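Student: What follows is run-v7.cif, made up of mmCIF, C-alpha atoms:
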```cif
data_data
#
loop_
_atom_site.label_atom_id
_atom_site.label_comp_id
_atom_site.auth_asym_id
_atom_site.auth_seq_id
_atom_site.Cartn_x
_atom_site.Cartn_y
_atom_site.Cartn_z
CA MET R 2 4.34 -3.77 3.15
CA ARG R 3 2.79 -5.26 0.04
CA PRO R 4 1.09 -2.86 -2.37
CA PHE R 5 -1.45 -3.93 -4.97
CA TYR R 6 -0.73 -2.18 -8.23
CA GLU R 7 -3.20 -1.07 -10.88
CA ASN R 8 -2.38 -4.01 -13.13
CA LYS R 9 -3.06 -6.61 -10.43
CA GLN R 10 -6.41 -8.24 -9.71
CA VAL R 11 -7.43 -7.44 -6.15
CA GLY R 12 -9.98 -9.44 -4.20
CA PHE R 13 -9.83 -9.36 -0.43
CA GLN R 14 -6.75 -9.56 1.79
CA CYS R 15 -6.30 -8.82 5.48
CA PHE R 16 -2.99 -9.12 7.31
CA LEU R 17 -0.88 -7.85 10.17
CA CYS R 18 2.08 -5.62 9.35
CA LYS R 19 4.90 -4.37 11.56
CA ASP R 20 6.88 -1.12 11.22
CA ILE R 21 5.45 -0.09 7.85
CA THR R 22 7.46 2.31 5.75
CA PHE R 23 6.54 2.55 2.11
CA PRO R 24 6.88 5.34 -0.47
CA ALA R 25 4.01 7.02 -2.27
CA HIS R 26 2.01 4.56 -4.38
CA LEU R 27 -1.54 3.91 -5.55
CA HIS R 28 -3.80 1.07 -6.67
CA ASN R 29 -7.41 0.51 -7.67
CA ALA R 30 -8.44 -1.14 -4.41
CA VAL R 31 -9.68 0.28 -1.13
CA GLU R 32 -7.14 0.14 1.70
CA LEU R 33 -8.09 0.23 5.36
CA ILE R 34 -5.44 0.49 8.08
CA PHE R 35 -5.88 0.23 11.84
CA ILE R 36 -3.13 0.81 14.42
CA ARG R 37 -2.85 -1.86 17.10
CA GLU R 38 0.31 -0.56 18.72
CA GLY R 39 2.54 2.49 18.33
CA THR R 40 2.27 5.40 15.91
CA LEU R 41 2.38 5.62 12.13
CA GLU R 42 2.64 8.65 9.86
CA VAL R 43 0.16 8.25 7.03
CA THR R 44 -0.08 10.50 3.97
CA ILE R 45 -3.16 10.28 1.75
CA SER R 46 -3.18 12.67 -1.20
CA ASN R 47 -2.15 15.94 0.44
CA GLN R 48 -3.17 15.09 4.01
CA THR R 49 -0.64 13.80 6.53
CA ARG R 50 -1.38 12.64 10.05
CA LYS R 51 0.24 10.52 12.73
CA ILE R 52 -2.32 7.90 13.69
CA ARG R 53 -2.03 6.13 17.02
CA LYS R 54 -3.35 3.06 18.80
CA ASP R 55 -7.00 2.31 17.94
CA GLU R 56 -7.10 4.94 15.18
CA ALA R 57 -7.69 4.15 11.52
CA ALA R 58 -7.39 5.53 8.00
CA ILE R 59 -9.07 4.64 4.72
CA ILE R 60 -7.62 5.07 1.24
CA PHE R 61 -10.08 5.17 -1.65
CA PRO R 62 -9.12 3.70 -5.06
CA ASP R 63 -6.45 5.53 -7.06
CA MET R 64 -5.45 7.83 -4.21
CA VAL R 65 -1.72 8.35 -3.68
CA HIS R 66 -0.64 7.29 -0.20
CA SER R 67 2.48 6.48 1.79
CA TYR R 68 3.50 5.21 5.22
CA LEU R 69 6.36 6.23 7.51
CA ALA R 70 7.07 4.36 10.75
CA GLU R 71 9.30 6.58 12.86
CA ALA R 72 9.10 4.10 15.75
CA SER R 73 7.76 0.60 16.34
CA CYS R 74 4.16 0.06 15.28
CA MET R 75 1.79 -2.80 14.51
CA ALA R 76 -1.09 -2.38 12.11
CA VAL R 77 -3.95 -4.37 10.64
CA ILE R 78 -4.26 -3.74 6.90
CA CYS R 79 -7.20 -4.76 4.75
CA ILE R 80 -7.01 -4.29 0.98
CA PHE R 81 -10.14 -5.09 -0.98
CA ALA R 82 -11.95 -4.48 -4.25
CA PRO R 83 -14.92 -2.08 -3.86
CA ALA R 84 -17.26 -4.88 -4.89
CA HIS R 85 -16.59 -6.56 -1.53
CA ALA R 86 -18.45 -3.71 0.17
CA LYS R 87 -21.44 -3.42 -2.14
CA GLU R 88 -23.29 -0.86 -0.05
CA TYR R 89 -20.39 1.56 -0.52
CA TYR R 90 -19.41 0.65 -4.08
CA GLN R 91 -20.56 3.90 -5.71
CA LEU R 92 -19.16 5.91 -2.82
CA PHE R 93 -15.70 4.41 -3.34
CA ARG R 94 -15.85 5.06 -7.08
CA LYS R 95 -17.27 8.58 -7.24
CA GLN R 96 -16.45 10.35 -3.98
CA GLN R 97 -13.67 10.85 -1.49
CA PRO R 98 -13.59 11.62 2.24
CA GLU R 99 -12.82 15.18 3.28
CA CYS R 100 -10.77 13.60 6.08
CA PRO R 101 -9.67 9.97 5.65
CA PHE R 102 -8.65 9.52 9.30
CA PHE R 103 -10.83 8.07 12.07
CA SER R 104 -10.40 8.25 15.84
CA SER R 105 -13.70 6.62 16.90
CA GLY R 106 -11.86 3.39 17.75
CA THR R 107 -10.40 5.14 20.79
CA GLN R 108 -13.94 5.76 22.06
CA ASN R 109 -15.80 2.66 20.90
CA PRO R 110 -14.25 -0.69 21.95
CA ASP R 111 -16.38 -2.50 19.37
CA ILE R 112 -14.18 -1.10 16.58
CA PRO R 113 -10.83 -2.56 17.78
CA PHE R 114 -12.68 -5.81 18.47
CA ALA R 115 -14.10 -5.85 14.92
CA PHE R 116 -10.62 -5.33 13.41
CA ASP R 117 -9.28 -8.20 15.52
CA ARG R 118 -12.11 -10.48 14.36
CA MET R 119 -11.60 -9.51 10.72
CA LEU R 120 -7.91 -10.37 11.00
CA HIS R 121 -8.61 -13.58 12.92
CA TYR R 122 -10.98 -14.95 10.28
CA ALA R 123 -8.91 -13.81 7.28
CA GLU R 124 -7.09 -17.14 7.18
CA GLN R 125 -10.03 -19.29 8.27
CA SER R 126 -13.04 -17.94 6.42
CA ARG R 127 -12.90 -15.05 3.97
CA THR R 128 -16.70 -14.82 4.04
CA VAL R 129 -16.72 -14.22 7.79
CA SER R 130 -13.77 -11.83 7.54
CA GLU R 131 -15.58 -9.81 4.86
CA ALA R 132 -18.65 -9.64 7.11
CA TRP R 133 -16.52 -8.05 9.81
CA LEU R 134 -15.13 -5.63 7.22
CA ASN R 135 -18.60 -4.45 6.33
CA LEU R 136 -19.42 -4.02 10.03
CA ILE R 137 -16.29 -1.88 10.43
CA LEU R 138 -17.34 0.29 7.48
CA ALA R 139 -20.79 0.66 9.05
CA TYR R 140 -19.06 2.01 12.17
CA LEU R 141 -16.64 4.34 10.35
CA MET R 142 -18.47 5.71 7.31
CA PRO R 143 -21.07 7.75 9.25
CA GLU R 144 -18.17 9.58 10.90
CA ALA R 145 -16.90 10.92 7.56
CA LYS R 146 -18.03 13.67 5.23
CA PHE R 147 -17.66 13.06 1.51
CA THR R 148 -17.15 15.23 -1.55
CA ALA R 149 -17.08 14.53 -5.27
CA ARG R 150 -13.82 12.94 -6.37
CA ASN R 151 -11.15 15.54 -7.11
CA ARG R 152 -9.84 14.59 -10.54
CA GLN R 153 -7.47 17.55 -10.68
CA GLU R 154 -5.02 15.42 -8.72
CA ASP R 155 -4.89 13.01 -11.65
CA ALA R 156 -3.20 15.71 -13.72
CA ASP R 157 -0.47 16.24 -11.14
CA VAL R 158 2.97 15.22 -12.41
CA GLY R 159 3.73 13.22 -9.27
CA TYR R 160 0.46 11.32 -9.66
CA GLN R 161 1.24 10.55 -13.29
CA LEU R 162 4.70 9.28 -12.37
CA ILE R 163 3.42 7.02 -9.60
CA SER R 164 0.61 5.69 -11.77
CA TYR R 165 2.94 4.92 -14.68
CA ILE R 166 5.57 3.25 -12.51
CA SER R 167 2.91 1.21 -10.67
CA LEU R 168 2.02 -0.31 -14.03
CA HIS R 169 5.56 -0.81 -15.34
CA PHE R 170 7.94 -1.29 -12.39
CA GLN R 171 8.62 -4.91 -13.40
CA GLU R 172 9.90 -3.77 -16.80
CA PRO R 173 13.24 -2.13 -17.65
CA LEU R 174 12.69 1.47 -16.59
CA THR R 175 14.87 4.52 -17.03
CA LEU R 176 14.31 8.21 -16.54
CA GLU R 177 14.66 8.61 -20.30
CA ARG R 178 11.88 6.12 -21.01
CA ILE R 179 9.49 7.69 -18.49
CA ALA R 180 10.27 11.19 -19.78
CA ARG R 181 9.56 10.05 -23.33
CA GLU R 182 6.31 8.28 -22.42
CA LEU R 183 4.95 11.09 -20.25
CA HIS R 184 6.41 13.96 -22.32
CA PHE R 185 8.43 15.55 -19.53
CA ASN R 186 12.08 16.53 -19.24
CA LYS R 187 14.03 13.82 -17.41
CA TYR R 188 15.72 16.36 -15.13
CA TYR R 189 12.32 17.72 -14.17
CA ILE R 190 11.16 14.18 -13.33
CA SER R 191 14.29 13.66 -11.22
CA ARG R 192 13.44 16.79 -9.22
CA ILE R 193 9.88 15.53 -8.69
CA PHE R 194 11.24 12.37 -7.10
CA THR R 195 13.48 14.35 -4.78
CA GLN R 196 10.93 17.01 -3.83
CA LYS R 197 7.66 15.05 -3.71
CA LEU R 198 8.65 11.43 -3.16
CA HIS R 199 11.71 12.21 -1.02
CA CYS R 200 13.97 9.67 -2.69
CA ASN R 201 15.76 9.30 -5.99
CA PHE R 202 14.43 7.43 -9.01
CA HIS R 203 16.44 4.25 -8.48
CA GLU R 204 15.59 4.05 -4.78
CA TYR R 205 11.90 4.30 -5.56
CA ILE R 206 11.94 1.63 -8.30
CA ASN R 207 14.02 -0.72 -6.18
CA ARG R 208 11.64 -0.36 -3.22
CA LEU R 209 8.67 -1.42 -5.34
CA ARG R 210 10.60 -4.33 -6.83
CA LEU R 211 11.86 -5.46 -3.43
CA ASP R 212 8.39 -5.41 -1.96
CA TYR R 213 7.10 -7.50 -4.84
CA ALA R 214 9.99 -9.96 -4.47
CA ALA R 215 9.49 -10.24 -0.71
CA ARG R 216 5.84 -11.13 -1.20
CA GLN R 217 6.75 -13.81 -3.74
CA LEU R 218 9.39 -15.25 -1.40
CA ARG R 219 6.89 -15.48 1.44
CA ASP R 220 3.77 -16.57 -0.43
CA THR R 221 5.03 -18.82 -3.25
CA ASP R 222 7.47 -21.64 -3.89
CA CYS R 223 8.87 -19.95 -6.99
CA HIS R 224 12.60 -20.23 -7.57
CA ILE R 225 14.54 -17.17 -6.43
CA THR R 226 15.92 -16.65 -9.93
CA ASP R 227 12.40 -16.46 -11.34
CA ILE R 228 11.39 -14.04 -8.59
CA TRP R 229 14.15 -11.48 -9.11
CA GLN R 230 13.70 -11.61 -12.87
CA GLU R 231 9.93 -11.15 -12.63
CA ALA R 232 10.39 -8.30 -10.14
CA GLY R 233 12.42 -6.39 -12.71
CA PHE R 234 16.00 -6.64 -11.41
CA GLU R 235 18.71 -6.84 -14.05
CA SER R 236 20.93 -9.35 -12.24
CA GLN R 237 20.91 -11.62 -9.20
CA LYS R 238 23.95 -9.78 -7.83
CA THR R 239 22.04 -6.47 -7.84
CA PHE R 240 18.97 -8.15 -6.35
CA ASN R 241 20.92 -9.82 -3.54
CA ARG R 242 22.82 -6.65 -2.66
CA THR R 243 19.69 -4.48 -2.66
CA PHE R 244 17.65 -7.05 -0.73
CA LEU R 245 20.32 -7.43 1.94
CA ALA R 246 20.58 -3.65 2.39
CA CYS R 247 16.81 -3.33 2.85
CA TYR R 248 15.89 -6.42 4.88
CA ARG R 249 19.27 -7.15 6.53
CA MET R 250 19.16 -10.77 5.42
CA THR R 251 19.53 -12.66 2.17
CA PRO R 252 16.48 -13.70 0.12
CA SER R 253 17.04 -17.34 1.16
CA GLN R 254 17.18 -16.40 4.84
CA TYR R 255 14.06 -14.26 4.45
CA ARG R 256 12.14 -17.19 2.99
CA ARG R 257 13.24 -19.52 5.81
CA VAL R 258 12.66 -17.11 8.70
CA LEU R 259 9.32 -15.52 7.86
CA PRO R 260 5.96 -17.30 7.53
CA PRO R 261 3.48 -16.49 4.73
CA ILE R 262 1.64 -13.19 5.22
CA SER R 263 -1.69 -14.33 3.85
#
```
Would you mind writing the file's structure down as structure tokens?

Tutor:
Amino acid sequence: MRPFYENKQVGFQCFLCKDITFPAHLHNAVELIFIREGTLEVTISNQTRKIRKDEAAIIFPDMVHSYLAEASCMAVICIFAPAHAKEYYQLFRKQQPECPFFSSGTQNPDIPFAFDRMLHYAEQSRTVSEAWLNLILAYLMPEAKFTARNRQEDADVGYQLISYISLHFQEPLTLERIARELHFNKYYISRIFTQKLHCNFHEYINRLRLDYAARQLRDTDCHITDIWQEAGFESQKTFNRTFLACYRMTPSQYRRVLPPIS
């Protein structure tokens, strides 16, 4: 899974993703996910649901979300700047859905078809793919009820941690630095990772860095040394060991085996 972080420019991307598991994160784009096969546990803010074949979920900008694939699943993911859906621009910026999950695709065959067409044209014509995106939104948005954006979440410690790390994960990061910058006790921050993000600090940072590195390996011709350094790893040895543990292959094998994802 490839997240788009707050300090990255997001345009429009649509791709197919298998067996998605990714810890809590956020970005300033809209994210739309549709399940083609299997089941996926999706958490958006404080709502968690297992979505199944032909069901969808939408994540508005700056909303914390995570994915957990307990079994095999295949999903279409579209990540786009709100400006690519002009009719809903103000909605994305100022409101949020009471329920971000949609089951209408199980009833209306036009919705799965529209997701397939959006994915199909993503590599051929972004303009056509975006047109299918806007048709999908026209199908889904009337199903939802919206409320004013809840900014209380922004004050949550977990939200602040995720937001800060999303901006700085490529830099040298320690619990001490984050505690100093956010004015929290480092032991308190460590407990937040365990209790809210269900992993320790180093696991979380490494997962973000690995995902960034994997995208660079698949989508660019950059030298592996440049990639692990830019991702934020301190040494190639650490990068190789961590990458192998996560993806069960070396970075070089990963680049040879897998085609570009966009």

Student: Check what the PyMOL selection byres ((chain R and resi 43) around 9) selects in the file above and give those residues as a list in words.

Tutor: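 Output of the PyMOL selection byres ((chain R and resi 43) around 9): Leu41, Glu42, Thr44, Ile45, Gln48, Thr49, Arg50, Lys51, Ile52, Ala58, His66, Ser67, Tyr68, Leu69 and Ala70 of chain R.
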
Student: Tell me which of R:Phe185, R:Tyr165, R:Phe35, R:Phe13 sits closest to Pro113 of chain R, counting only C-alpha atoms.

Tutor: R:Phe35

Student: To one decimal place in Å, what is the distance between atom CA of Arg94 of chain R and atom CA of Arg150 of chain R?

Tutor: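 Those two atoms sit 8.2 Å apart.
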
Student: Name every residue that the PyMOL selection byres ((chain R and resi 14) around 8) selects in this structure, writing the answer as a list in words with chains first and numbers rising.

Tutor: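 Written out, the selection comes to Gly12, Phe13, Cys15, Phe16, Cys79, Ile80, Phe81, Ala123 and Ser263 of chain R.
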
Student: Could you spell out the hits of the PyMOL selection byres ((chain R and resi 244) around 10) on the shown file, as a list of chain:residue names?

Tutor: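 For this structure, the PyMOL selection byres ((chain R and resi 244) around 10) captures R:Asn207, R:Arg208, R:Arg210, R:Leu211, R:Asp212, R:Ala214, R:Ala215, R:Lys238, R:Thr239, R:Phe240, R:Asn241, R:Arg242, R:Thr243, R:Leu245, R:Ala246, R:Cys247, R:Tyr248, R:Arg249, R:Met250, R:Thr251, R:Pro252, R:Tyr255.
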
Student: Between R:Tyr205, R:His184, R:Gln171, R:Arg257, which is the closest to Arg219 of chain R once you count only C-alpha atoms?

Tutor: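 Selected residue with least distance to Arg219 of chain R: R:Arg257.
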
Student: Please determine, counting all atoms listed in the file, which residue among R:Ala72, R:Leu162, R:Ala232, R:Ala57 has the shortest atom-to-atom distance to Ala25 of chain R.

Tutor: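 With all atoms listed in the file as the atom set, the closest residue is R:Leu162.
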
Student: State, in Å with one decimal place, the distance from atom CA of Thr40 of chain R to atom CA of Thr22 of chain R.

Tutor: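 Taking atom CA of Thr40 of chain R as the start and atom CA of Thr22 of chain R as the end point, the length is 11.8 Å.
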
Student: Looking at R:Cys100, R:Ile112, R:Asp157, R:Glu71, which one is nearest to Phe23 of chain R, with distances taken over all atoms listed in the file?

Tutor: R:Glu71

Student: Counting all atoms listed in the file, find residues at most 8 Å from (-3.7, 0.4, 15.4) (file frame) and give them as a list in words.

Tutor: Ile34, Phe35, Ile36, Arg37, Glu38, Gly39, Thr40, Ile52, Arg53, Lys54, Asp55, Glu56, Ala57, Cys74, Met75, Ala76 and Val77 of chain R

Student: Could you tell me how far atom CA of Ser167 of chain R sits from atom CA of Ile228 of chain R, in Å to one decimal place?

Tutor: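 Atom CA of Ile228 of chain R sits 17.6 Å away from atom CA of Ser167 of chain R.
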
Student: Could you give me, as a Markdown table, every segment 20-47 of chain R residue with an atom at most 12 Å from segment 82-92 of chain R, plus its closest atom pair and distance in Å to one decimal, counting all atoms listed in the file, rows ordered by chain then number?

Tutor:
```
| residue | atom | partner | partner_atom | distance |
| --- | --- | --- | --- | --- |
| R:His28 | CA | R:Ala82 | CA | 10.2 |
| R:Asn29 | CA | R:Ala82 | CA | 7.6 |
| R:Ala30 | CA | R:Ala82 | CA | 4.8 |
| R:Val31 | CA | R:Ala82 | CA | 6.1 |
| R:Glu32 | CA | R:Ala82 | CA | 8.9 |
| R:Leu33 | CA | R:Ala82 | CA | 11.4 |
```

Student: Find the residues around Phe194 of chain R up to 10 Å (only C-alpha atoms counted), leave out those fewer than 2 positions away in its own chain, and share them as a list of chain:residue names.

Tutor: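 Everything that qualifies: R:Gly159, R:Leu162, R:Ile163, R:Tyr189, R:Ile190, R:Ser191, R:Arg192, R:Gln196, R:Lys197, R:Leu198, R:His199, R:Cys200, R:Asn201, R:Phe202, R:His203, R:Glu204, R:Tyr205.
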
Student: Nearest residue to Ser253 of chain R out of R:Gln108, R:Gln230, R:Tyr122, R:Leu218, using all atoms listed in the file?

Tutor: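 Looking at the shortest contact to Ser253 of chain R, the residue is R:Leu218.
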
Student: Excluding Leu136 of chain R and any residue of its chain fewer than 6 positions from it, enumerate the residues within 10 Å of it, using only C-alpha atoms, and give them as number ranges by chain.

Tutor: R: 86, 111-112, 115-116, 119, 130

Student: Can you tell me, as AutoDock Vina command-line options, the centre and edge lengths (Å, one decimal) of the axis-aligned box enclosing all of segment 17-29 of chain R's listed atoms after padding each side by 3 Å?

Tutor:
```
--center_x 0.0 --center_y -0.4 --center_z 1.9 --size_x 20.9 --size_y 20.9 --size_z 25.2
```

Student: Find the residue from R:Arg127, R:Leu134, R:Tyr188, R:Glu99 that sits nearest to Phe114 of chain R; use all atoms listed in the file when measuring.

Tutor: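 For Phe114 of chain R, the nearest of the given residues is R:Leu134.
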
Student: Mind completing segment 236-252 of chain R with N, CA and C atoms? Output as a compact mmCIF listing (two decimals), in the frame of the given file, please?

Tutor:
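What ended up in result.txt:
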```txt
# COMPACT_ATOMS: atom_id res chain seq x y z
N SER R 236 20.02 -8.25 -12.55
CA SER R 236 20.93 -9.35 -12.24
C SER R 236 20.68 -9.84 -10.82
N GLN R 237 21.07 -11.08 -10.55
CA GLN R 237 20.91 -11.62 -9.20
C GLN R 237 21.84 -10.91 -8.22
N LYS R 238 23.01 -10.49 -8.69
CA LYS R 238 23.95 -9.78 -7.83
C LYS R 238 23.32 -8.49 -7.32
N THR R 239 22.69 -7.72 -8.23
CA THR R 239 22.04 -6.47 -7.84
C THR R 239 20.89 -6.75 -6.88
N PHE R 240 20.10 -7.77 -7.20
CA PHE R 240 18.97 -8.15 -6.35
C PHE R 240 19.44 -8.52 -4.95
N ASN R 241 20.44 -9.38 -4.86
CA ASN R 241 20.92 -9.82 -3.54
C ASN R 241 21.47 -8.66 -2.73
N ARG R 242 22.23 -7.78 -3.37
CA ARG R 242 22.82 -6.65 -2.66
C ARG R 242 21.73 -5.69 -2.16
N THR R 243 20.76 -5.40 -3.01
CA THR R 243 19.69 -4.48 -2.66
C THR R 243 18.79 -5.08 -1.58
N PHE R 244 18.51 -6.37 -1.71
CA PHE R 244 17.65 -7.05 -0.73
C PHE R 244 18.31 -7.06 0.65
N LEU R 245 19.59 -7.38 0.68
CA LEU R 245 20.32 -7.43 1.94
C LEU R 245 20.36 -6.06 2.61
N ALA R 246 20.54 -5.00 1.83
CA ALA R 246 20.58 -3.65 2.39
C ALA R 246 19.24 -3.25 2.98
N CYS R 247 18.14 -3.71 2.39
CA CYS R 247 16.81 -3.33 2.85
C CYS R 247 16.34 -4.18 4.02
N TYR R 248 16.47 -5.51 3.89
CA TYR R 248 15.89 -6.42 4.88
C TYR R 248 16.91 -7.00 5.86
N ARG R 249 18.19 -6.71 5.64
CA ARG R 249 19.27 -7.15 6.53
C ARG R 249 19.35 -8.68 6.62
N MET R 250 18.99 -9.33 5.56
CA MET R 250 19.16 -10.77 5.42
C MET R 250 19.08 -11.11 3.94
N THR R 251 19.57 -12.25 3.58
CA THR R 251 19.53 -12.66 2.17
C THR R 251 18.13 -13.13 1.81
N PRO R 252 17.79 -13.18 0.52
CA PRO R 252 16.48 -13.70 0.12
C PRO R 252 16.22 -15.10 0.66
```
